[in-house]
Every structure is written in structure tokens, then in C-alpha cells.
Amino acid sequence: MKVRDFMIMNVITAKPTDTIKDVMKIFVEKKIGGMPVVDGEGKLCGIVTDGDILRAIKPIDRQIYNYFTFMTYIAEEDLESRLSEMAGREIIKIAKTNGIVTVHPDDDMKKVVSLLSKHHFKKLPVLNGNNRVIGVLSRGDVIRSIQQTIIDEMD
């Protein structure tokens, strides 16, 4: 079984210039947790997940040390302040852009299962020979495919 047999071809993508706010809206509306970031030609620039956004908007505890009085002042930022600070930031600034693991349409299911389990990824972009995103695979897609093709045949 090949990647092309079970990949999602109607890929929801973000542009590098989309904001965190834009991407959060897409995540909620489409009920997804990640997507590839592609340029105007559809070439992969990065991948962003709901975890990347959560880490970006997490309030930062700022510590100020006063060495003269040996005191530490901790200023805690609230979520709303951090979100308003980060909402307009371009998504490419928080997306994973290096070391992205991808697959090709002719790769075997065995490779996909190995990659997803080894790296604990939720999604894998599927690229053609020109580095354009033509599909995406999620762990759920793989589990459904295994259930439908292998387990059902065992009965």
C-alpha cells in the first residue's frame, strides 16, 4: 500500500505571512491541529501545529534580578496580554522550518508507520518531485487505512 492510496489531497495550508490569529481561526473552523506552511508556488516552507501556537502564546515569567539588594522581582504576564502581543505575528516565525520529515506519494505504508511512531508526529506532508505539497497524512488516516485494509481482511 502506497501513500497515494490514503493521503488527504484537499490540503489546508497557511501562507508564511498569515498571522497566528489567522491560523488559530482556521484550526478552529476546520477542526484541525496542524497544517503545512507553503509559499505562493505551493512549496513547503514549514509546518505549524496547535502545540506550536500554545508554546508561542504561553505567558512568560519575567525575572529581574537586583544584585545590589539581592532581590528578585518576578513579573507574571497574563494570557490575554501575551495573546494580544503575539496574535499579529507571522506564523512562519513560530512554525517548524528545519528538519521537517516528509513523504512522497510512492512511499510504502511501512515507512509512514515507522516515521509517525519514531518521531511522534501527528502529521506528515506529502511532497511531489518539485517540493510542492500535494497531500498530508495524519496518524488517524493511517490507523483508518490499517483498520480498513488489514484488520477487516483478517475476519
# chains A, B, ... in the order shown; residues from 1 in each chain; ligands from 1
call {"tool": "residues_around", "arguments": {"residues": "Asn130 of chain A", "least_positions_apart": "5", "cutoff": "12 Å", "atoms": "only C-alpha atoms", "output": "list in words"}}
result
Glu41, Gly42, Lys43, Leu44 and His104 of chain A
call {"tool": "write_last_selection", "arguments": {"atoms": "C-alpha atoms", "output": "compact mmCIF listing (two decimals), in the first residue's frame"}}
result
# COMPACT_ATOMS: atom_id res chain seq x y z
CA GLU A 41 4.09 28.17 -5.61
CA GLY A 42 2.87 25.58 -3.11
CA LYS A 43 6.38 24.69 -1.95
CA LEU A 44 6.82 23.66 1.66
CA HIS A 104 6.30 11.04 -1.24
call {"tool": "residues_around", "arguments": {"residues": "Val136 of chain A", "least_positions_apart": "6", "cutoff": "12 Å", "atoms": "only C-alpha atoms", "output": "PyMOL selection string"}}
result
chain A and resi 3-13+32+34-37+44+47+101-105+112+122-128+142
call {"tool": "residues_around", "arguments": {"residues": "Ile92 of chain A", "least_positions_apart": "6", "cutoff": "10 Å", "atoms": "only C-alpha atoms", "output": "PyMOL selection string"}}
result
chain A and resi 14-20+37-38+45-48
call {"tool": "atom_distance", "arguments": {"atom1": "atom CA of Met24 of chain A", "atom2": "atom CA of Arg55 of chain A"}}
result
13.1 Å
